[in-house]
file work.pdb (PDB, C-alpha atoms, pLDDT in the B column)
MODEL        1
ATOM      1  CA  MET A   8     -24.021  -4.912  17.131  1.00 47.00           C
ATOM      2  CA  ALA A   9     -20.233  -5.273  17.470  1.00 49.00           C
ATOM      3  CA  GLU A  10     -20.328  -8.306  15.163  1.00 52.00           C
ATOM      4  CA  ASP A  11     -22.209  -6.274  12.544  1.00 54.00           C
ATOM      5  CA  VAL A  12     -19.597  -3.503  12.722  1.00 57.00           C
ATOM      6  CA  ASP A  13     -16.776  -6.036  12.305  1.00 61.00           C
ATOM      7  CA  ALA A  14     -18.580  -7.614   9.361  1.00 65.00           C
ATOM      8  CA  LEU A  15     -19.085  -4.260   7.641  1.00 71.00           C
ATOM      9  CA  GLY A  16     -15.429  -3.452   8.237  1.00 69.00           C
ATOM     10  CA  ALA A  17     -14.447  -6.722   6.564  1.00 67.00           C
ATOM     11  CA  ILE A  18     -16.468  -5.966   3.449  1.00 72.00           C
ATOM     12  CA  THR A  19     -15.287  -2.342   3.304  1.00 72.00           C
ATOM     13  CA  ARG A  20     -11.654  -3.470   3.169  1.00 68.00           C
ATOM     14  CA  ILE A  21     -12.184  -5.476  -0.016  1.00 70.00           C
ATOM     15  CA  LEU A  22     -14.422  -3.093  -1.965  1.00 76.00           C
ATOM     16  CA  SER A  23     -13.196  -1.199  -5.007  1.00 73.00           C
ATOM     17  CA  PRO A  24     -12.586   2.564  -4.542  1.00 70.00           C
ATOM     18  CA  HIS A  25     -15.798   3.455  -6.377  1.00 76.00           C
ATOM     19  CA  CYS A  26     -18.018   1.324  -4.114  1.00 81.00           C
ATOM     20  CA  ARG A  27     -19.486   2.142  -0.697  1.00 83.00           C
ATOM     21  CA  VAL A  28     -21.388  -0.038   1.741  1.00 83.00           C
ATOM     22  CA  THR A  29     -24.332   1.030   3.924  1.00 84.00           C
ATOM     23  CA  ARG A  30     -25.732  -1.023   6.796  1.00 83.00           C
ATOM     24  CA  MET A  31     -29.379  -2.044   6.390  1.00 83.00           C
ATOM     25  CA  SER A  32     -31.801  -3.736   8.785  1.00 81.00           C
ATOM     26  CA  ASN A  33     -31.514  -7.056   6.929  1.00 81.00           C
ATOM     27  CA  GLY A  34     -27.929  -6.846   5.696  1.00 82.00           C
ATOM     28  CA  ALA A  35     -26.089  -4.243   3.653  1.00 85.00           C
ATOM     29  CA  LEU A  36     -26.386  -2.289   0.442  1.00 85.00           C
ATOM     30  CA  ILE A  37     -23.326  -1.839  -1.780  1.00 86.00           C
ATOM     31  CA  ALA A  38     -23.490   1.240  -3.992  1.00 86.00           C
ATOM     32  CA  ASP A  39     -21.419   0.960  -7.172  1.00 84.00           C
ATOM     33  CA  TRP A  40     -21.121   4.614  -8.252  1.00 80.00           C
ATOM     34  CA  LYS A  41     -19.016   3.757 -11.306  1.00 77.00           C
ATOM     35  CA  ARG A  42     -21.828   1.763 -12.900  1.00 77.00           C
ATOM     36  CA  THR A  43     -24.679   3.479 -10.996  1.00 81.00           C
ATOM     37  CA  ARG A  44     -26.060   0.270  -9.560  1.00 83.00           C
ATOM     38  CA  PHE A  45     -26.705  -1.335  -6.192  1.00 87.00           C
ATOM     39  CA  LEU A  46     -26.000  -4.787  -4.805  1.00 84.00           C
ATOM     40  CA  GLY A  47     -27.668  -6.200  -1.702  1.00 86.00           C
ATOM     41  CA  MET A  48     -26.025  -8.655   0.694  1.00 84.00           C
ATOM     42  CA  ALA A  49     -27.725 -10.626   3.446  1.00 85.00           C
ATOM     43  CA  THR A  50     -26.431 -10.321   7.009  1.00 81.00           C
ATOM     44  CA  ALA A  51     -25.393 -13.998   7.016  1.00 83.00           C
ATOM     45  CA  ASP A  52     -23.202 -13.524   3.927  1.00 83.00           C
ATOM     46  CA  ILE A  53     -21.567 -10.383   5.300  1.00 76.00           C
ATOM     47  CA  ARG A  54     -20.688 -12.133   8.560  1.00 77.00           C
ATOM     48  CA  LYS A  55     -19.036 -14.925   6.600  1.00 77.00           C
ATOM     49  CA  LEU A  56     -16.447 -12.387   5.438  1.00 72.00           C
ATOM     50  CA  SER A  57     -15.271 -11.856   9.006  1.00 68.00           C
ATOM     51  CA  ASP A  58     -16.153 -15.137  10.741  1.00 73.00           C
ATOM     52  CA  GLY A  59     -16.641 -17.713   7.975  1.00 72.00           C
ATOM     53  CA  SER A  60     -14.266 -20.380   6.751  1.00 75.00           C
ATOM     54  CA  SER A  61     -11.596 -19.580   4.167  1.00 66.00           C
ATOM     55  CA  VAL A  62     -13.674 -21.340   1.501  1.00 74.00           C
ATOM     56  CA  GLU A  63     -16.780 -19.271   2.335  1.00 78.00           C
ATOM     57  CA  ARG A  64     -14.806 -16.037   2.304  1.00 73.00           C
ATOM     58  CA  ALA A  65     -13.132 -16.937  -0.992  1.00 72.00           C
ATOM     59  CA  ASP A  66     -16.504 -17.658  -2.613  1.00 79.00           C
ATOM     60  CA  LEU A  67     -17.973 -14.336  -1.464  1.00 80.00           C
ATOM     61  CA  VAL A  68     -14.920 -12.313  -2.530  1.00 78.00           C
ATOM     62  CA  THR A  69     -14.908 -14.052  -5.910  1.00 79.00           C
ATOM     63  CA  GLY A  70     -18.572 -13.101  -6.345  1.00 82.00           C
ATOM     64  CA  LEU A  71     -17.834  -9.460  -5.523  1.00 81.00           C
ATOM     65  CA  ILE A  72     -14.903  -9.437  -7.957  1.00 79.00           C
ATOM     66  CA  ARG A  73     -17.090 -10.855 -10.733  1.00 80.00           C
ATOM     67  CA  ALA A  74     -19.742  -8.230  -9.960  1.00 81.00           C
ATOM     68  CA  GLY A  75     -17.096  -5.504 -10.318  1.00 79.00           C
ATOM     69  CA  CYS A  76     -17.393  -4.411  -6.677  1.00 79.00           C
ATOM     70  CA  ALA A  77     -14.037  -5.744  -5.481  1.00 75.00           C
ATOM     71  CA  THR A  78     -10.558  -5.823  -6.947  1.00 67.00           C
ATOM     72  CA  ALA A  79      -8.330  -8.855  -6.773  1.00 63.00           C
ATOM     73  CA  VAL A  80      -4.955  -8.250  -5.147  1.00 61.00           C
ATOM     74  CA  ARG A  81      -2.284  -7.791  -7.787  1.00 63.00           C
ATOM     75  CA  LYS A  82       0.565 -10.229  -8.021  1.00 66.00           C
ATOM     76  CA  GLU A  83       3.909  -9.032  -6.731  1.00 74.00           C
ATOM     77  CA  HIS A  84       6.061  -6.976  -9.075  1.00 81.00           C
ATOM     78  CA  SER A  85       8.960  -8.632 -10.854  1.00 88.00           C
ATOM     79  CA  ASP A  86      12.579  -7.826 -10.082  1.00 90.00           C
ATOM     80  CA  VAL A  87      12.854  -5.936 -13.376  1.00 91.00           C
ATOM     81  CA  GLU A  88       9.789  -3.806 -12.535  1.00 92.00           C
ATOM     82  CA  VAL A  89      11.248  -2.931  -9.133  1.00 93.00           C
ATOM     83  CA  GLY A  90      14.466  -1.723 -10.771  1.00 91.00           C
ATOM     84  CA  LEU A  91      12.604   0.377 -13.340  1.00 93.00           C
ATOM     85  CA  TRP A  92      10.385   1.972 -10.682  1.00 93.00           C
ATOM     86  CA  LEU A  93      13.384   2.738  -8.478  1.00 93.00           C
ATOM     87  CA  ARG A  94      15.264   4.520 -11.262  1.00 93.00           C
ATOM     88  CA  ALA A  95      12.158   6.431 -12.360  1.00 93.00           C
ATOM     89  CA  VAL A  96      11.407   7.590  -8.804  1.00 94.00           C
ATOM     90  CA  HIS A  97      15.017   8.637  -8.260  1.00 93.00           C
ATOM     91  CA  LEU A  98      14.947  10.654 -11.494  1.00 94.00           C
ATOM     92  CA  LEU A  99      11.694  12.365 -10.445  1.00 93.00           C
ATOM     93  CA  ILE A 100      13.167  13.282  -7.058  1.00 94.00           C
ATOM     94  CA  ARG A 101      16.276  14.739  -8.685  1.00 93.00           C
ATOM     95  CA  THR A 102      14.307  16.797 -11.223  1.00 94.00           C
ATOM     96  CA  MET A 103      11.227  17.816  -9.196  1.00 94.00           C
ATOM     97  CA  GLY A 104      12.387  17.660  -5.593  1.00 94.00           C
ATOM     98  CA  PHE A 105      11.374  15.281  -2.804  1.00 94.00           C
ATOM     99  CA  GLY A 106       8.506  17.445  -1.552  1.00 93.00           C
ATOM    100  CA  ARG A 107       6.796  17.609  -4.934  1.00 93.00           C
ATOM    101  CA  VAL A 108       7.166  13.863  -5.438  1.00 93.00           C
ATOM    102  CA  LEU A 109       5.440  13.279  -2.090  1.00 92.00           C
ATOM    103  CA  ARG A 110       2.517  15.378  -3.306  1.00 90.00           C
ATOM    104  CA  LEU A 111       2.244  13.124  -6.383  1.00 87.00           C
ATOM    105  CA  LEU A 112       1.654  10.037  -4.251  1.00 87.00           C
ATOM    106  CA  SER A 113      -2.113  10.530  -4.468  1.00 78.00           C
ATOM    107  CA  VAL A 114      -1.743   9.674  -8.181  1.00 75.00           C
ATOM    108  CA  ALA A 115       1.058   7.100  -8.064  1.00 79.00           C
ATOM    109  CA  ALA A 116      -0.185   5.330  -4.918  1.00 76.00           C
ATOM    110  CA  PRO A 117      -3.954   5.905  -4.664  1.00 65.00           C
ATOM    111  CA  ASP A 118      -5.603   5.433  -1.280  1.00 58.00           C
ATOM    112  CA  TYR A 119      -7.671   2.356  -2.102  1.00 53.00           C
ATOM    113  CA  VAL A 120     -10.534   1.388   0.165  1.00 46.00           C
ATOM    114  CA  ARG A 121      -8.975  -2.053   0.185  1.00 51.00           C
ATOM    115  CA  ALA A 122      -5.769  -2.180   2.199  1.00 59.00           C
ATOM    116  CA  ASP A 123      -4.753  -5.749   2.987  1.00 67.00           C
ATOM    117  CA  ILE A 124      -1.978  -6.620   5.402  1.00 74.00           C
ATOM    118  CA  PRO A 125       0.982  -7.927   3.364  1.00 81.00           C
ATOM    119  CA  SER A 126       2.872 -11.009   4.391  1.00 84.00           C
ATOM    120  CA  GLU A 127       6.317 -10.609   5.915  1.00 91.00           C
ATOM    121  CA  ARG A 128       7.690 -12.761   3.085  1.00 90.00           C
ATOM    122  CA  ASP A 129       6.382 -10.363   0.407  1.00 89.00           C
ATOM    123  CA  VAL A 130       7.810  -7.294   2.136  1.00 93.00           C
ATOM    124  CA  ALA A 131      11.144  -9.012   2.825  1.00 95.00           C
ATOM    125  CA  TRP A 132      11.443  -9.911  -0.875  1.00 95.00           C
ATOM    126  CA  LEU A 133      10.614  -6.342  -1.918  1.00 95.00           C
ATOM    127  CA  LYS A 134      13.174  -4.980   0.548  1.00 95.00           C
ATOM    128  CA  ARG A 135      15.917  -7.186  -0.867  1.00 95.00           C
ATOM    129  CA  ALA A 136      14.986  -6.253  -4.440  1.00 95.00           C
ATOM    130  CA  VAL A 137      14.829  -2.497  -3.781  1.00 95.00           C
ATOM    131  CA  GLN A 138      18.087  -2.366  -1.833  1.00 92.00           C
ATOM    132  CA  SER A 139      19.871  -4.643  -4.289  1.00 92.00           C
ATOM    133  CA  HIS A 140      18.998  -2.370  -7.207  1.00 91.00           C
ATOM    134  CA  GLY A 141      19.831   0.723  -5.158  1.00 89.00           C
ATOM    135  CA  ARG A 142      23.305  -0.542  -4.308  1.00 88.00           C
ATOM    136  CA  ARG A 143      24.120  -1.865  -7.781  1.00 85.00           C
ATOM    137  CA  SER A 144      23.044   1.281  -9.626  1.00 81.00           C
ATOM    138  CA  TRP A 145      25.547   4.145  -9.803  1.00 82.00           C
ATOM    139  CA  PHE A 146      22.581   6.346 -10.745  1.00 81.00           C
ATOM    140  CA  VAL A 147      20.487   5.616  -7.652  1.00 82.00           C
ATOM    141  CA  ASN A 148      23.508   5.135  -5.374  1.00 85.00           C
ATOM    142  CA  ASP A 149      21.618   3.772  -2.338  1.00 84.00           C
ATOM    143  CA  ASP A 150      19.250   6.766  -2.107  1.00 92.00           C
ATOM    144  CA  CYS A 151      16.911   6.221   0.874  1.00 93.00           C
ATOM    145  CA  LYS A 152      14.259   8.614  -0.487  1.00 95.00           C
ATOM    146  CA  ALA A 153      13.969   6.766  -3.801  1.00 95.00           C
ATOM    147  CA  GLU A 154      13.942   3.376  -2.062  1.00 96.00           C
ATOM    148  CA  ALA A 155      11.257   4.429   0.442  1.00 96.00           C
ATOM    149  CA  VAL A 156       8.958   5.992  -2.176  1.00 96.00           C
ATOM    150  CA  THR A 157       9.393   3.033  -4.547  1.00 96.00           C
ATOM    151  CA  ALA A 158       8.498   0.527  -1.829  1.00 96.00           C
ATOM    152  CA  PHE A 159       5.498   2.610  -0.742  1.00 95.00           C
ATOM    153  CA  VAL A 160       4.148   2.993  -4.275  1.00 92.00           C
ATOM    154  CA  LEU A 161       4.582  -0.675  -5.207  1.00 92.00           C
ATOM    155  CA  LEU A 162       2.882  -1.896  -2.029  1.00 91.00           C
ATOM    156  CA  ARG A 163      -0.020   0.559  -2.258  1.00 86.00           C
ATOM    157  CA  ARG A 164      -0.594  -0.181  -5.948  1.00 82.00           C
ATOM    158  CA  ARG A 165      -1.174  -3.784  -4.898  1.00 81.00           C
ATOM    159  CA  GLY A 166      -3.724  -2.640  -2.322  1.00 76.00           C
ATOM    160  CA  LEU A 167      -1.446  -3.445   0.625  1.00 83.00           C
ATOM    161  CA  LYS A 168      -0.922  -1.458   3.802  1.00 85.00           C
ATOM    162  CA  ALA A 169       2.221   0.664   3.988  1.00 92.00           C
ATOM    163  CA  VAL A 170       3.334   3.871   5.717  1.00 93.00           C
ATOM    164  CA  LEU A 171       5.988   6.227   4.349  1.00 95.00           C
ATOM    165  CA  HIS A 172       8.020   7.994   7.036  1.00 96.00           C
ATOM    166  CA  VAL A 173      10.386  10.938   6.872  1.00 96.00           C
ATOM    167  CA  GLY A 174      12.586  11.318   9.955  1.00 95.00           C
ATOM    168  CA  VAL A 175      15.174  13.721  11.290  1.00 94.00           C
ATOM    169  CA  ARG A 176      18.290  13.394  13.439  1.00 91.00           C
ATOM    170  CA  GLU A 177      19.599  16.465  15.254  1.00 86.00           C
ATOM    171  CA  HIS A 178      23.261  15.636  16.009  1.00 82.00           C
ATOM    172  CA  PRO A 179      24.626  15.652  13.407  1.00 84.00           C
ATOM    173  CA  PHE A 180      21.632  16.909  11.462  1.00 89.00           C
ATOM    174  CA  ALA A 181      20.350  14.504   8.792  1.00 90.00           C
ATOM    175  CA  LEU A 182      17.128  13.458   7.100  1.00 92.00           C
ATOM    176  CA  HIS A 183      16.093   9.899   6.323  1.00 94.00           C
ATOM    177  CA  ALA A 184      13.092   8.260   4.622  1.00 96.00           C
ATOM    178  CA  TRP A 185      11.735   4.726   4.931  1.00 96.00           C
ATOM    179  CA  THR A 186       8.535   2.754   4.351  1.00 96.00           C
ATOM    180  CA  SER A 187       7.165   0.419   7.007  1.00 95.00           C
ATOM    181  CA  SER A 188       4.948  -2.575   6.270  1.00 93.00           C
ATOM    182  CA  ALA A 189       4.413  -5.933   8.000  1.00 90.00           C
ATOM    183  CA  ASP A 190       6.807  -4.807  10.790  1.00 92.00           C
ATOM    184  CA  LEU A 191       9.647  -4.354   8.266  1.00 95.00           C
ATOM    185  CA  CYS A 192      11.252  -1.129   7.016  1.00 96.00           C
ATOM    186  CA  ILE A 193      12.479  -0.333   3.492  1.00 96.00           C
ATOM    187  CA  PRO A 194      15.248   0.784   3.803  1.00 95.00           C
ATOM    188  CA  ASP A 195      16.157   0.311   7.481  1.00 93.00           C
ATOM    189  CA  ALA A 196      14.655   2.922   9.807  1.00 91.00           C
ATOM    190  CA  ASP A 197      17.935   3.260  11.712  1.00 88.00           C
ATOM    191  CA  PRO A 198      20.775   2.947   9.190  1.00 84.00           C
ATOM    192  CA  ARG A 199      24.106   2.143  10.831  1.00 77.00           C
ATOM    193  CA  GLY A 200      22.432   2.347  14.241  1.00 78.00           C
ATOM    194  CA  HIS A 201      21.414   6.018  13.949  1.00 79.00           C
ATOM    195  CA  ALA A 202      17.868   6.670  15.182  1.00 86.00           C
ATOM    196  CA  PHE A 203      15.625   9.136  13.324  1.00 92.00           C
ATOM    197  CA  ALA A 204      12.530  10.735  14.849  1.00 91.00           C
ATOM    198  CA  PRO A 205       9.584  10.652  12.366  1.00 91.00           C
ATOM    199  CA  VAL A 206       8.345  14.148  11.440  1.00 93.00           C
ATOM    200  CA  LEU A 207       6.037  13.062   8.599  1.00 93.00           C
ATOM    201  CA  SER A 208       4.070   9.858   8.049  1.00 93.00           C
ATOM    202  CA  ILE A 209       1.966   9.117   4.969  1.00 91.00           C
ATOM    203  CA  ASN A 210      -0.530   6.271   5.205  1.00 83.00           C
ATOM    204  CA  GLY A 211      -1.817   6.280   1.642  1.00 62.00           C
ATOM    205  CA  GLY A 212      -2.617   8.453  -1.317  1.00 49.00           C
ATOM    206  CA  GLY A 213      -0.496  11.317  -0.054  1.00 48.00           C
ATOM    207  CA  GLN A 214      -2.596  11.667   3.133  1.00 51.00           C
TER     208      GLN A 214
ENDMDL
END
call {"tool": "encode", "arguments": {"input": "work.pdb", "output": "structure tokens"}}
result
Amino acid sequence: MAEDVDALGAITRILSPHCRVTRMSNGALIADWKRTRFLGMATADIRKLSDGSSVERADLVTGLIRAGCATAVRKEHSDVEVGLWLRAVHLLIRTMGFGRVLRLLSVAAPDYVRADIPSERDVAWLKRAVQSHGRRSWFVNDDCKAEAVTAFVLLRRRGLKAVLHVGVREHPFALHAWTSSADLCIPDADPRGHAFAPVLSINGGGQ
């Protein structure tokens, strides 16, 4: 029973947002509500997603992608894209306010069913790119809110796990924002050694 639950969890993580999986006595049924169709999978195939070899898993995922039931992970954003997103987010925060921008995350960073764990290398590269653009731009001027939201949106749009935090420090009073992913924080969670207690954490899609 536990193996079946793990197997269903594995398939749920790779499905497109419009697809849902239901456990059946002889496997599982994938409901594709976008195309109003159903796809059956045998128990043996589902278990390959959690316990099979990398080749077996790749073949099954490729089949689901071709059937329109799974979405391939997007390639990482270019350095130019990171800079454009950072400036756009900073402009939105300045014109609309930070609170309203957070409420827009359900549109900019949808809560996909798929949420893969990013590699530390990918997050480290994104951190360097975001902070480099933030420091070089007189417009952004190292704004932690813009950097945190940009990192969160770019990771979530690739279907990767990320959590956006807003923290507070009492003495002296200050607010700080950062995004955590793969055990890294963008920007740093404790700038210049000052610790901030999280008062708001967003896992995905503004939730």
call {"tool": "resolve_selection", "arguments": {"input": "work.pdb", "expression": "the PyMOL selection byres ((chain A and resi 160-162) around 9)", "output": "JSON, numbers by chain"}}
result
{"A": [83, 84, 89, 92, 112, 115, 116, 117, 125, 130, 133, 155, 156, 157, 158, 159, 163, 164, 165, 166, 167, 168, 169, 188]}
call {"tool": "closest_residue", "arguments": {"input": "work.pdb", "among": "A:His178, A:His172, A:Lys55, A:Arg142", "to": "A:Asn210", "atoms": "all atoms listed in the file"}}
result
A:His172
call {"tool": "resolve_selection", "arguments": {"input": "work.pdb", "expression": "the PyMOL selection byres ((chain A and resi 42-54) around 8)", "output": "PyMOL selection string"}}
result
chain A and resi 10-11+14-15+18+33-41+55-59+67
call {"tool": "write_last_selection", "arguments": {"input": "work.pdb", "atoms": "C-alpha atoms", "output": "mmCIF file, in the frame of the given file"}}
result
data_model
loop_
_atom_site.group_PDB
_atom_site.id
_atom_site.type_symbol
_atom_site.label_atom_id
_atom_site.label_comp_id
_atom_site.auth_asym_id
_atom_site.auth_seq_id
_atom_site.Cartn_x
_atom_site.Cartn_y
_atom_site.Cartn_z
ATOM 1 C CA GLU A 10 -20.328 -8.306 15.163
ATOM 2 C CA ASP A 11 -22.209 -6.274 12.544
ATOM 3 C CA ALA A 14 -18.580 -7.614 9.361
ATOM 4 C CA LEU A 15 -19.085 -4.260 7.641
ATOM 5 C CA ILE A 18 -16.468 -5.966 3.449
ATOM 6 C CA ASN A 33 -31.514 -7.056 6.929
ATOM 7 C CA GLY A 34 -27.929 -6.846 5.696
ATOM 8 C CA ALA A 35 -26.089 -4.243 3.653
ATOM 9 C CA LEU A 36 -26.386 -2.289 0.442
ATOM 10 C CA ILE A 37 -23.326 -1.839 -1.780
ATOM 11 C CA ALA A 38 -23.490 1.240 -3.992
ATOM 12 C CA ASP A 39 -21.419 0.960 -7.172
ATOM 13 C CA TRP A 40 -21.121 4.614 -8.252
ATOM 14 C CA LYS A 41 -19.016 3.757 -11.306
ATOM 15 C CA LYS A 55 -19.036 -14.925 6.600
ATOM 16 C CA LEU A 56 -16.447 -12.387 5.438
ATOM 17 C CA SER A 57 -15.271 -11.856 9.006
ATOM 18 C CA ASP A 58 -16.153 -15.137 10.741
ATOM 19 C CA GLY A 59 -16.641 -17.713 7.975
ATOM 20 C CA LEU A 67 -17.973 -14.336 -1.464
#
call {"tool": "residues_around", "arguments": {"input": "work.pdb", "residues": "A:Ile193", "least_positions_apart": "5", "cutoff": "7 Å", "atoms": "all atoms listed in the file", "output": "PDB file with C-alpha atoms, keeping the file's coordinate frame"}}
result
ATOM      1  CA  LYS A 134      13.174  -4.980   0.548  1.00 95.00           C
ATOM      2  CA  GLU A 154      13.942   3.376  -2.062  1.00 96.00           C
ATOM      3  CA  ALA A 155      11.257   4.429   0.442  1.00 96.00           C
ATOM      4  CA  ALA A 158       8.498   0.527  -1.829  1.00 96.00           C
ATOM      5  CA  TRP A 185      11.735   4.726   4.931  1.00 96.00           C
ATOM      6  CA  THR A 186       8.535   2.754   4.351  1.00 96.00           C
ATOM      7  CA  SER A 187       7.165   0.419   7.007  1.00 95.00           C
TER       8      SER A 187
END
call {"tool": "residues_near_point", "arguments": {"input": "work.pdb", "point": "(-13.1, -12.1, -1.4)", "cutoff": "9 Å", "atoms": "all atoms listed in the file", "output": "PDB file with C-alpha atoms, keeping the file's coordinate frame"}}
result
ATOM      1  CA  ILE A  18     -16.468  -5.966   3.449  1.00 72.00           C
ATOM      2  CA  ILE A  21     -12.184  -5.476  -0.016  1.00 70.00           C
ATOM      3  CA  LEU A  56     -16.447 -12.387   5.438  1.00 72.00           C
ATOM      4  CA  GLU A  63     -16.780 -19.271   2.335  1.00 78.00           C
ATOM      5  CA  ARG A  64     -14.806 -16.037   2.304  1.00 73.00           C
ATOM      6  CA  ALA A  65     -13.132 -16.937  -0.992  1.00 72.00           C
ATOM      7  CA  ASP A  66     -16.504 -17.658  -2.613  1.00 79.00           C
ATOM      8  CA  LEU A  67     -17.973 -14.336  -1.464  1.00 80.00           C
ATOM      9  CA  VAL A  68     -14.920 -12.313  -2.530  1.00 78.00           C
ATOM     10  CA  THR A  69     -14.908 -14.052  -5.910  1.00 79.00           C
ATOM     11  CA  GLY A  70     -18.572 -13.101  -6.345  1.00 82.00           C
ATOM     12  CA  LEU A  71     -17.834  -9.460  -5.523  1.00 81.00           C
ATOM     13  CA  ILE A  72     -14.903  -9.437  -7.957  1.00 79.00           C
ATOM     14  CA  ALA A  77     -14.037  -5.744  -5.481  1.00 75.00           C
ATOM     15  CA  THR A  78     -10.558  -5.823  -6.947  1.00 67.00           C
ATOM     16  CA  ALA A  79      -8.330  -8.855  -6.773  1.00 63.00           C
TER      17      ALA A  79
END
call {"tool": "resolve_selection", "arguments": {"input": "work.pdb", "expression": "the PyMOL selection byres ((chain A and resi 138-141) around 12)", "output": "VMD selection string"}}
result
chain A and resid 86 to 97 131 to 137 142 to 155 157 to 158 185 192 to 195
call {"tool": "residues_near_point", "arguments": {"input": "work.pdb", "point": "(10.8, 13.2, 15.9)", "cutoff": "8 Å", "atoms": "all atoms listed in the file", "output": "PDB file with C-alpha atoms, keeping the file's coordinate frame"}}
result
ATOM      1  CA  GLY A 174      12.586  11.318   9.955  1.00 95.00           C
ATOM      2  CA  VAL A 175      15.174  13.721  11.290  1.00 94.00           C
ATOM      3  CA  ARG A 176      18.290  13.394  13.439  1.00 91.00           C
ATOM      4  CA  PHE A 203      15.625   9.136  13.324  1.00 92.00           C
ATOM      5  CA  ALA A 204      12.530  10.735  14.849  1.00 91.00           C
ATOM      6  CA  PRO A 205       9.584  10.652  12.366  1.00 91.00           C
ATOM      7  CA  VAL A 206       8.345  14.148  11.440  1.00 93.00           C
TER       8      VAL A 206
END
call {"tool": "atom_distance", "arguments": {"input": "work.pdb", "atom1": "atom CA of A:Ser126", "atom2": "atom CA of A:Cys76"}}
result
24.0 Å
call {"tool": "atom_distance", "arguments": {"input": "work.pdb", "atom1": "atom CA of A:Ala189", "atom2": "atom CA of A:Ile124"}}
result
6.9 Å
call {"tool": "atom_distance", "arguments": {"input": "work.pdb", "atom1": "atom CA of A:Val114", "atom2": "atom CA of A:Asp129"}}
result
23.3 Å
call {"tool": "closest_residue", "arguments": {"input": "work.pdb", "among": "A:Val170, A:Leu182, A:Asp190, A:Gly104", "to": "A:Glu127", "atoms": "only C-alpha atoms"}}
result
A:Asp190
